[in-house]
Each structure stands twice: as C-alpha cells, then as structure tokens.
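coords-v2.tsv, holding TSV, C-alpha atoms:
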chain	number	residue	atom	x	y	z
A	66	MET	CA	-188.29	6.45	97.20
A	67	HIS	CA	-187.13	7.56	93.81
A	68	ILE	CA	-184.40	10.15	94.10
A	69	MET	CA	-185.00	12.38	91.10
A	70	GLU	CA	-182.64	12.66	88.15
A	71	GLY	CA	-179.72	14.97	88.93
A	72	PHE	CA	-180.69	15.37	92.58
A	73	LEU	CA	-177.64	13.63	94.00
A	74	PRO	CA	-174.13	15.07	93.73
A	75	ALA	CA	-171.99	13.15	91.21
A	76	ARG	CA	-169.72	11.69	93.89
A	77	HIS	CA	-172.71	10.11	95.64
A	78	CYS	CA	-174.08	8.77	92.35
A	79	ILE	CA	-170.80	7.01	91.63
A	80	GLY	CA	-170.51	5.72	95.20
A	81	TRP	CA	-174.01	4.19	95.32
A	82	GLY	CA	-173.55	2.82	91.80
A	83	ALA	CA	-170.32	1.12	92.84
A	84	ALA	CA	-172.01	-0.26	95.95
A	85	SER	CA	-174.94	-1.68	93.95
A	86	ALA	CA	-173.02	-3.18	91.01
A	87	PRO	CA	-171.64	-6.29	92.78
A	88	PHE	CA	-175.13	-7.14	94.10
A	89	ILE	CA	-176.56	-6.94	90.59
A	90	GLY	CA	-173.77	-9.13	89.22
A	91	TYR	CA	-174.16	-11.72	91.97
A	92	GLY	CA	-177.96	-11.54	91.71
A	93	LEU	CA	-177.86	-12.29	87.98
A	94	TYR	CA	-175.58	-15.23	88.69
A	95	THR	CA	-177.93	-16.71	91.33
A	96	VAL	CA	-181.02	-16.25	89.15
A	97	LYS	CA	-179.33	-17.89	86.18
A	98	LYS	CA	-178.11	-20.80	88.27
A	99	ARG	CA	-181.49	-21.31	89.88
A	100	ILE	CA	-183.35	-21.36	86.55
A	101	GLU	CA	-180.83	-23.81	85.06
A	102	GLU	CA	-181.21	-26.15	88.02
A	103	LYS	CA	-184.96	-25.76	88.46
A	104	PRO	CA	-186.55	-24.60	85.21
A	105	GLU	CA	-190.01	-25.19	86.71
A	106	GLN	CA	-189.44	-22.19	89.01
A	107	ARG	CA	-189.29	-19.81	86.05
A	108	MET	CA	-193.00	-19.10	86.40
A	109	LEU	CA	-192.62	-18.00	90.02
A	110	LEU	CA	-189.67	-15.78	89.11
A	111	GLY	CA	-192.06	-14.11	86.66
A	112	VAL	CA	-194.66	-13.74	89.40
A	113	ALA	CA	-192.10	-12.08	91.71
A	114	THR	CA	-191.10	-9.66	88.95
A	115	ALA	CA	-194.71	-8.94	88.01
A	116	PHE	CA	-195.63	-8.27	91.63
A	117	THR	CA	-192.88	-5.65	91.85
A	118	PHE	CA	-194.11	-4.11	88.59
A	119	VAL	CA	-197.66	-3.77	89.89
A	120	LEU	CA	-196.90	-2.54	93.38
A	121	SER	CA	-194.31	0.03	92.36
A	122	ALA	CA	-196.78	1.49	89.86
A	123	LEU	CA	-199.49	2.00	92.48
A	124	LYS	CA	-199.16	5.44	94.02
A	125	MET	CA	-201.34	5.32	97.09
A	126	PRO	CA	-202.49	8.19	99.28
A	127	SER	CA	-201.18	8.27	102.83
A	128	VAL	CA	-202.01	9.88	106.17
A	129	THR	CA	-199.38	12.59	105.69
A	130	GLY	CA	-201.35	14.03	102.77
A	131	SER	CA	-198.89	12.87	100.15
A	132	CYS	CA	-198.67	9.87	97.87
A	133	SER	CA	-196.08	7.16	97.61
A	134	HIS	CA	-195.87	3.59	96.40
A	135	PRO	CA	-194.97	0.17	97.81
A	136	THR	CA	-192.01	-1.76	96.38
A	137	GLY	CA	-193.20	-5.38	96.18
A	138	THR	CA	-189.68	-6.75	96.65
A	139	GLY	CA	-190.39	-8.83	99.77
A	140	LEU	CA	-192.14	-11.62	97.82
A	141	GLY	CA	-189.19	-12.33	95.53
A	142	ALA	CA	-186.67	-11.97	98.35
A	143	ILE	CA	-188.43	-14.69	100.35
A	144	LEU	CA	-188.83	-16.98	97.31
A	145	PHE	CA	-185.52	-16.56	95.52
A	146	GLY	CA	-183.22	-15.00	98.10
A	147	PRO	CA	-182.50	-11.28	98.43
A	148	ALA	CA	-179.73	-11.16	95.81
A	149	ALA	CA	-182.16	-12.16	93.06
A	150	MET	CA	-184.16	-8.98	93.60
A	151	ALA	CA	-181.24	-6.68	92.70
A	152	PRO	CA	-181.46	-7.30	88.91
A	153	ILE	CA	-185.28	-7.44	89.05
A	154	GLY	CA	-185.46	-4.11	90.87
A	155	LEU	CA	-183.01	-2.68	88.35
A	156	VAL	CA	-185.36	-3.58	85.49
A	157	VAL	CA	-188.31	-1.84	87.18
A	158	LEU	CA	-186.27	1.25	88.06
A	159	LEU	CA	-184.84	1.48	84.53
A	160	PHE	CA	-188.35	1.33	83.05
A	161	GLN	CA	-189.45	4.18	85.31
A	162	ALA	CA	-186.27	6.23	84.81
A	163	LEU	CA	-186.30	6.01	81.02
A	164	LEU	CA	-190.00	6.21	80.21
A	165	LEU	CA	-191.56	8.02	83.15
A	166	ALA	CA	-188.84	10.47	84.22
A	167	HIS	CA	-189.41	8.89	87.62
A	168	GLY	CA	-186.10	8.46	89.38
A	169	GLY	CA	-183.18	8.75	86.99
A	170	LEU	CA	-180.09	7.30	85.35
A	171	THR	CA	-177.66	9.25	87.54
A	172	THR	CA	-179.54	8.26	90.70
A	173	LEU	CA	-180.13	4.66	89.54
A	174	GLY	CA	-177.37	3.24	91.75
A	175	ALA	CA	-178.78	4.88	94.87
A	176	ASN	CA	-182.35	3.85	94.04
A	177	VAL	CA	-181.31	0.25	93.32
A	178	PHE	CA	-179.49	0.20	96.65
A	179	SER	CA	-182.55	1.22	98.65
A	180	MET	CA	-185.31	-0.63	96.77
A	181	ALA	CA	-183.57	-3.69	95.34
A	182	ILE	CA	-180.85	-4.37	97.92
A	183	VAL	CA	-181.64	-3.05	101.43
A	184	GLY	CA	-185.38	-3.84	101.22
A	185	PRO	CA	-184.99	-7.44	100.00
A	186	PHE	CA	-182.10	-8.25	102.35
A	187	ALA	CA	-184.06	-6.87	105.30
A	188	ALA	CA	-187.14	-8.85	104.22
A	189	ALA	CA	-185.20	-12.11	103.87
A	190	LEU	CA	-183.49	-11.63	107.23
A	191	ILE	CA	-186.73	-10.79	109.05
A	192	PHE	CA	-188.37	-13.83	107.45
A	193	LYS	CA	-185.56	-16.10	108.70
A	194	VAL	CA	-185.66	-14.67	112.23
A	195	SER	CA	-189.45	-14.68	112.57
A	196	ARG	CA	-189.59	-18.28	111.30
A	197	ALA	CA	-186.89	-19.26	113.76
A	198	VAL	CA	-188.94	-17.93	116.68
A	199	ARG	CA	-191.92	-19.85	115.27
A	200	LEU	CA	-194.32	-17.02	114.56
A	201	PRO	CA	-197.30	-18.11	112.41
A	202	PHE	CA	-196.40	-18.31	108.71
A	203	GLY	CA	-198.67	-15.43	107.66
A	204	VAL	CA	-197.25	-13.16	110.35
A	205	CYS	CA	-193.68	-13.93	109.18
A	206	ILE	CA	-194.61	-13.00	105.60
A	207	PHE	CA	-196.41	-9.84	106.70
A	208	LEU	CA	-193.55	-8.63	108.89
A	209	SER	CA	-190.84	-9.23	106.31
A	210	ALA	CA	-192.71	-7.61	103.41
A	211	ALA	CA	-193.90	-4.61	105.44
A	212	LEU	CA	-190.61	-3.90	107.20
A	213	GLY	CA	-188.57	-4.48	104.03
A	214	ASP	CA	-190.76	-1.87	102.32
A	215	LEU	CA	-190.36	0.59	105.20
A	216	LEU	CA	-186.59	0.14	105.41
A	217	THR	CA	-186.28	0.94	101.71
A	218	TYR	CA	-187.70	4.38	102.46
A	219	VAL	CA	-185.54	4.82	105.55
A	220	THR	CA	-182.54	4.08	103.30
A	221	THR	CA	-183.63	6.76	100.83
A	222	SER	CA	-183.83	9.23	103.73
A	223	VAL	CA	-180.31	8.29	104.82
A	224	GLN	CA	-179.01	8.70	101.26
A	225	LEU	CA	-180.54	12.16	100.94
A	226	ALA	CA	-179.36	13.21	104.40
A	227	LEU	CA	-175.80	12.14	103.54
A	228	ALA	CA	-175.92	14.19	100.35
A	229	PHE	CA	-177.71	17.20	101.85
A	230	PRO	CA	-176.82	17.60	105.53
A	231	ASP	CA	-178.68	20.39	107.27
A	232	PRO	CA	-176.52	23.54	107.56
A	233	ALA	CA	-177.42	23.83	111.25
A	234	GLY	CA	-178.21	20.32	112.49
A	235	GLY	CA	-176.03	18.27	110.15
A	236	PHE	CA	-176.87	14.72	109.10
A	237	THR	CA	-179.30	13.94	111.92
A	238	ALA	CA	-181.51	16.98	111.46
A	239	SER	CA	-181.59	16.41	107.72
A	240	PHE	CA	-182.35	12.70	108.14
A	241	LEU	CA	-185.31	13.49	110.38
A	242	LYS	CA	-186.67	15.89	107.75
A	243	PHE	CA	-186.39	13.39	104.90
A	244	ALA	CA	-187.69	10.56	107.06
A	245	GLY	CA	-190.68	12.80	107.81
A	246	VAL	CA	-191.37	12.97	104.08
A	247	PHE	CA	-190.69	9.33	103.21
A	248	ALA	CA	-190.80	6.98	106.18
A	249	ILE	CA	-193.95	8.27	107.89
A	250	THR	CA	-195.83	8.46	104.60
A	251	GLN	CA	-194.79	4.89	104.00
A	252	VAL	CA	-196.19	3.31	107.19
A	253	PRO	CA	-199.74	2.61	105.93
A	254	LEU	CA	-198.38	1.63	102.52
A	255	ALA	CA	-195.95	-0.82	104.09
A	256	ILE	CA	-198.87	-2.39	105.95
A	257	SER	CA	-200.77	-2.66	102.64
A	258	GLU	CA	-197.78	-4.31	101.01
A	259	GLY	CA	-197.54	-6.77	103.90
A	260	LEU	CA	-201.23	-7.70	103.54
A	261	LEU	CA	-201.00	-8.11	99.74
A	262	THR	CA	-197.90	-10.29	100.05
A	263	VAL	CA	-199.78	-12.57	102.48
A	264	VAL	CA	-202.60	-12.87	99.90
A	265	ILE	CA	-200.10	-13.94	97.22
A	266	PHE	CA	-198.51	-16.44	99.61
A	267	ASN	CA	-201.91	-17.93	100.42
A	268	ALA	CA	-202.31	-18.60	96.70
A	269	LEU	CA	-198.76	-19.94	96.40
A	270	LYS	CA	-199.33	-22.34	99.27
A	271	ARG	CA	-202.47	-23.59	97.64
A	272	PHE	CA	-201.32	-23.87	94.02
A	273	ASN	CA	-197.53	-24.25	94.20
A	274	PRO	CA	-196.88	-26.21	97.40
A	275	ALA	CA	-194.20	-28.40	95.80
A	276	GLU	CA	-192.17	-25.37	94.66
A	277	LEU	CA	-192.46	-23.65	98.04
A	278	GLN	CA	-191.21	-26.77	99.74
A	279	ASP	CA	-188.40	-27.05	97.23
A	280	MET	CA	-187.43	-23.44	98.00
A	281	LYS	CA	-187.46	-24.30	101.71
A	282	VAL	CA	-190.00	-21.56	102.33
A	283	VAL	CA	-192.40	-23.99	104.02
A	284	SER	CA	-191.84	-27.43	105.51
A	285	ALA	CA	-193.48	-30.66	104.34
A	286	GLN	CA	-195.86	-30.76	107.32
A	287	GLU	CA	-197.11	-27.25	106.62
A	288	VAL	CA	-197.89	-28.09	103.00
A	289	GLN	CA	-200.07	-31.01	104.00
A	290	ALA	CA	-201.87	-29.01	106.68
B	437	MET	CA	-211.75	-17.24	109.41
B	438	LYS	CA	-209.27	-19.07	107.18
B	439	ARG	CA	-211.83	-19.16	104.41
B	440	TYR	CA	-212.35	-15.41	104.42
B	441	GLN	CA	-208.75	-14.48	105.18
B	442	ASN	CA	-207.89	-13.21	101.70
B	443	LEU	CA	-211.08	-11.18	101.53
B	444	ILE	CA	-210.39	-9.63	104.94
B	445	LEU	CA	-206.82	-8.78	103.94
B	446	LEU	CA	-207.97	-7.12	100.71
B	447	ILE	CA	-210.60	-5.11	102.57
B	448	GLY	CA	-207.79	-4.03	104.91
B	449	VAL	CA	-205.83	-2.65	101.95
B	450	VAL	CA	-208.86	-0.73	100.66
B	451	VAL	CA	-209.49	0.75	104.11
B	452	LEU	CA	-205.82	1.76	104.41
B	453	MET	CA	-206.12	3.58	101.08
B	454	ALA	CA	-209.47	5.19	101.78
B	455	PHE	CA	-208.74	6.33	105.33
B	456	PRO	CA	-206.17	9.02	104.39
B	457	LEU	CA	-208.52	10.39	101.71
B	458	TRP	CA	-211.16	10.86	104.33
B	459	MET	CA	-208.86	12.02	107.13
B	460	VAL	CA	-206.61	14.58	105.45
B	461	GLN	CA	-208.37	17.93	105.14
B	462	LYS	CA	-207.44	20.35	102.43
B	463	PRO	CA	-205.89	23.40	104.12
B	464	ALA	CA	-207.39	26.80	103.33
B	465	PRO	CA	-205.70	28.74	100.49
B	466	GLY	CA	-202.63	30.64	101.71
B	467	ALA	CA	-202.25	34.43	101.90
B	468	ASP	CA	-201.36	34.56	98.20
B	469	GLY	CA	-204.73	32.99	97.41
B	470	LYS	CA	-203.10	29.92	95.86
B	471	GLU	CA	-204.83	26.60	96.41
B	472	VAL	CA	-202.79	24.23	98.53
B	473	GLU	CA	-202.35	20.93	96.73
B	474	ILE	CA	-202.60	17.74	98.72
B	475	PHE	CA	-201.64	14.16	97.92
B	476	GLN	CA	-198.65	15.12	95.85
B	477	GLY	CA	-195.87	12.59	95.36
B	478	ALA	CA	-193.45	12.13	98.24
B	479	ASP	CA	-190.63	12.20	95.68
B	480	ASP	CA	-191.58	15.76	94.77
B	481	GLN	CA	-191.74	16.75	98.41
B	482	ALA	CA	-188.21	15.41	98.92
B	483	LYS	CA	-187.12	17.56	95.99
B	484	ASN	CA	-188.65	20.63	97.65
B	485	MET	CA	-186.94	19.68	100.89
B	486	ILE	CA	-183.56	19.56	99.11
B	487	ASN	CA	-184.24	23.03	97.73
B	488	LYS	CA	-185.04	24.24	101.23
B	489	ILE	CA	-181.93	22.75	102.85
B	490	THR	CA	-179.50	23.74	100.07
B	491	PRO	CA	-181.15	26.55	98.09
B	492	ASP	CA	-178.19	26.88	95.71
B	493	TYR	CA	-178.17	23.20	94.64
B	494	LYS	CA	-178.78	22.83	90.94
B	495	PRO	CA	-179.67	19.42	89.52
B	496	TRP	CA	-176.84	18.58	87.14
B	497	PHE	CA	-178.62	16.12	84.90
B	498	LYS	CA	-182.04	16.16	83.22
B	499	PRO	CA	-184.22	13.15	82.38
B	500	LEU	CA	-183.55	12.04	78.80
B	501	MET	CA	-187.25	11.84	78.09
B	502	GLU	CA	-190.16	13.20	80.06
B	503	PRO	CA	-193.76	12.19	79.47
B	504	PRO	CA	-195.14	15.11	77.46
B	505	SER	CA	-198.20	15.41	79.73
B	506	GLY	CA	-199.80	14.05	82.86
B	507	GLU	CA	-202.13	12.00	80.67
B	508	VAL	CA	-199.27	10.22	78.91
B	509	GLU	CA	-197.62	9.59	82.27
B	510	THR	CA	-200.79	8.00	83.61
B	511	CYS	CA	-200.89	5.82	80.52
B	512	LEU	CA	-197.36	4.57	81.10
B	513	PHE	CA	-197.98	3.90	84.78
B	514	ALA	CA	-201.14	2.00	83.87
B	515	LEU	CA	-199.12	0.03	81.33
B	516	GLN	CA	-196.59	-0.89	84.01
B	517	ALA	CA	-199.32	-2.07	86.37
B	518	ALA	CA	-201.15	-3.91	83.58
B	519	LEU	CA	-198.03	-5.83	82.57
B	520	GLY	CA	-197.54	-6.96	86.15
B	521	ALA	CA	-201.17	-7.72	86.91
B	522	GLY	CA	-201.53	-9.54	83.58
B	523	PHE	CA	-198.76	-11.92	84.44
B	524	VAL	CA	-199.99	-12.51	88.00
B	525	GLY	CA	-203.44	-13.27	86.57
B	526	TYR	CA	-201.97	-15.69	84.03
B	527	TRP	CA	-200.11	-17.53	86.80
B	528	LEU	CA	-203.20	-17.71	89.05
B	529	GLY	CA	-205.32	-19.06	86.21
B	530	SER	CA	-202.86	-21.67	85.04
B	531	ALA	CA	-201.86	-22.73	88.57
B	532	ARG	CA	-205.50	-23.18	89.53
B	533	THR	CA	-206.23	-25.23	86.47
B	534	ARG	CA	-203.14	-27.37	87.06
B	535	ALA	CA	-204.15	-28.02	90.67
B	536	LYS	CA	-207.66	-28.98	89.57
B	537	TYR	CA	-206.36	-31.29	86.87
B	538	GLU	CA	-204.03	-33.04	89.29
B	539	ASN	CA	-206.84	-33.47	91.77
B	540	THR	CA	-209.15	-35.12	89.25
B	541	LYS	CA	-206.29	-37.36	88.14
B	542	LYS	CA	-205.78	-38.47	91.75
B	543	THR	CA	-209.44	-39.24	92.38
B	544	ALA	CA	-210.08	-40.84	89.00

So that I can check it, write out the structure of this file as structure tokens.
Amino acid sequence: MHIMEGFLPARHCIGWGAASAPFIGYGLYTVKKRIEEKPEQRMLLGVATAFTFVLSALKMPSVTGSCSHPTGTGLGAILFGPAAMAPIGLVVLLFQALLLAHGGLTTLGANVFSMAIVGPFAAALIFKVSRAVRLPFGVCIFLSAALGDLLTYVTTSVQLALAFPDPAGGFTASFLKFAGVFAITQVPLAISEGLLTVVIFNALKRFNPAELQDMKVVSAQEVQA
Amino acid sequence: MKRYQNLILLIGVVVLMAFPLWMVQKPAPGADGKEVEIFQGADDQAKNMINKITPDYKPWFKPLMEPPSGEVETCLFALQAALGAGFVGYWLGSARTRAKYENTKKTA
C-alpha cells in the first residue's frame, strides 16, 4: 500500500497530509492520556506497535503472482481505539520511508491515511458491530483485522485513482486497475492477518485478562470462561 | 479444538503463504527473450500502472536515501521484523511468567 516517493502530485500530497494531521494530533493526545491514567497498559501499547512492525515487514506472496504485506493495525485499534494507531502507523511508515525508500516523505500523508487511519477505524467499527450482533469473540477479531487490512488497500487504490484517472474511463476505470493490483493481491494476506490477530488475542485473553476487561474489549463473564 | 486452535490458525497462515507459490506458474519468456519476473512487490506494479495510465508523469521527488543494494534492504526489513518480534516475545515471556506466579500465589 505504499505509494512511492514522488508518485503523487503535490496537491494530493498536501491534501492527504492535511487530512491525516488532525488524526495524528488527536491520536497522540489519546495515547498520552491513556498511559497517564493506566500506566500498566504501556506494555500492551508496545505489543500493538511491535505487531505492526512485524506484520508490515513481512512481504508475503499472493495468488496474483505479486507480493504485498499486511498492516497489523487491527490489534491496536481494538485495544486502544482507532485514533491511537495514527501516530503508531506514522512511526512505522517513517522508518520505511527514511531507511528503506519504501513509501516516501511526500506521500507520507496519503500512506498514513490509508494504513493508520482508514484501516484502524474500519477495524474498530467492524469489531463494535460484530460484537453487538453477538458473533463469537474470535470471529469478531478475525473480521475486524482482516477487513481493516483489506480496506487499507482499497483506500490506496482510491487515492491513486483520484490522482491518476484513466484518460478514457476516468476515476472508475483507473480505480478498478489499481484495485486489481492492490486489493485482490491483499485478500489472502488479509485472511492471514486476521488469523494472526486471533492468535495474539488468544494469548491476551489468557495472560492479560484484567487489562482486556479494563479496556472493555471482553466482559467479566468471558474472562472467567 | 480449543486446545489446538492457535496451532490450526498458524498452519492456516503457512498454507495461505505456500499456496500462491505452488499455484502461480512462471509465464514463458516473452518475444524479446526476457524472463518474466513473478512475485514482485505490488507497490512496484502500481508504479508501472501509473506509468501506463499517464506516460508523461514524472515523479517530482526522490527518496533521500535508498538502500545501496537488495542485500542491505533485506537487512533493514529483517531488522524491522526483529524489533517487533523481539518485543512480542518479551511480552509473551513476561506475561506467562506473571500468570504462573499469580497462580502459585493463589494456590499456596
């Protein structure tokens, strides 16, 4: 989902940067407040960040014959709320832009928007809805992590289609082309991310039940079960 | 089932990664005799797509620093994954020990 350095017109770079900035500011504020109130959750914040580091470094092969990587942002979005993932995603994307020439500084705003804002917000929303309709806990986690991952890549396709509409077919034709590159490649990877996030949550439920309950991720009855 | 759930999930991930490797066939070299590369990054493919849609688009900014070779790039990606996995491992170890300790305290 990394849009390469220089591969977005300047106007788009500024626009996506301006759209992402308030989320990063608000995200920093929520993280700071949370850690001041509940210092014992610092460890889990580290786990959420670390998970994103690992998953976004793993370039996996896909059925389309190309490689892409998961994002790992669903875990943190469920634990700490979607806003918290904006600054965390920014750290990961900066690391890759500066050291790996993967993504870029000019496209940072757009990449933050897809990976660290749309993905986490989608994941958190899907988690809320699937819990409300009482799906099993593991299924809720799987759906939110997998679909959050997939929607990140759909967002990238939208961003590229907006910047590079097809001369004949316009935005739609261009979106379908980019979605063919990103979204379809991402389907098996999104499933992998969903499965891995369930594994982490199984461990969290076992070792950090008090924190999960405190975060209102699980109820008291579920912890005892 | 519950007991083996994590194992089953992890096997699922491995299968999802292995299946494309087995399924995708390398196409025959094109008319120019050049080998067709498969399993390239989707980011690169998007770049090629941009070039196809708007052939006269020139990227207006270059990365400040590019890894000097594929080897160095692999090293940095491995570093990124190692940092993350290291922390997750640290948490798992300490959380497990804490849970064990609290259990023995309860039963003692």

Mind checking which residues fall within 12 Å of Asp480 in chain B, counting only C-alpha atoms, ignoring those fewer than 3 positions away in the same chain, and posting them as number ranges by chain?
A: 66-70, 72, 131-133, 167-168, 243, 246-247; B: 474-477, 483-487

Exercise: Ser505 in chain B partners within 12 Å, all atoms listed in the file, chain neighbours under 5 positions left out, as a VMD selection string
(chain A and resid 165 to 166) or (chain B and resid 510 to 512)

9 Å contact set for Thr217 in chain A, all atoms listed in the file, chain neighbours under 6 positions out, as a PyMOL selection string
chain A and resi 66+136+178-185+187+248

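Candidate residues B:Ile444, B:Ala464, B:Ala517, B:Val508 were compared for distance to chain A, and the nearest is B:Ala517, using only C-alpha atoms.
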
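One distance worth recording is that between CA of Gly146 in chain A and CA of Leu225 in chain A, which is 27.4 Å.
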
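Note that CA of Val156 in chain A and CA of Tyr526 in chain B are 20.6 Å apart.
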
Give me the residues within 10 Å of range 112-122 of chain A as a PyMOL selection string, counting all atoms listed in the file and dropping any in the same chain fewer than 3 places off.
(chain A and resi 106-109+125+133-145+150+152-154+156-158+160-161+258+261-262+265) or (chain B and resi 510+512-528)

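Residues in contact with Lys462 in chain B at up to 9 Å, not including ones fewer than 6 positions away on its chain and judged by all atoms listed in the file, are Gly130 of chain A; Val472, Glu473 and Ile474 of chain B.
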
With C-alpha atoms retained, could you export that selection as a PDB file, in the frame of the given file?
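Contents of selection-v4.pdb, freshly written:
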ATOM      1  CA  GLY A 130    -201.350  14.030 102.770  1.00  0.00           C
TER       2      GLY A 130
ATOM      3  CA  VAL B 472    -202.790  24.230  98.530  1.00  0.00           C
ATOM      4  CA  GLU B 473    -202.350  20.930  96.730  1.00  0.00           C
ATOM      5  CA  ILE B 474    -202.600  17.740  98.720  1.00  0.00           C
TER       6      ILE B 474
END
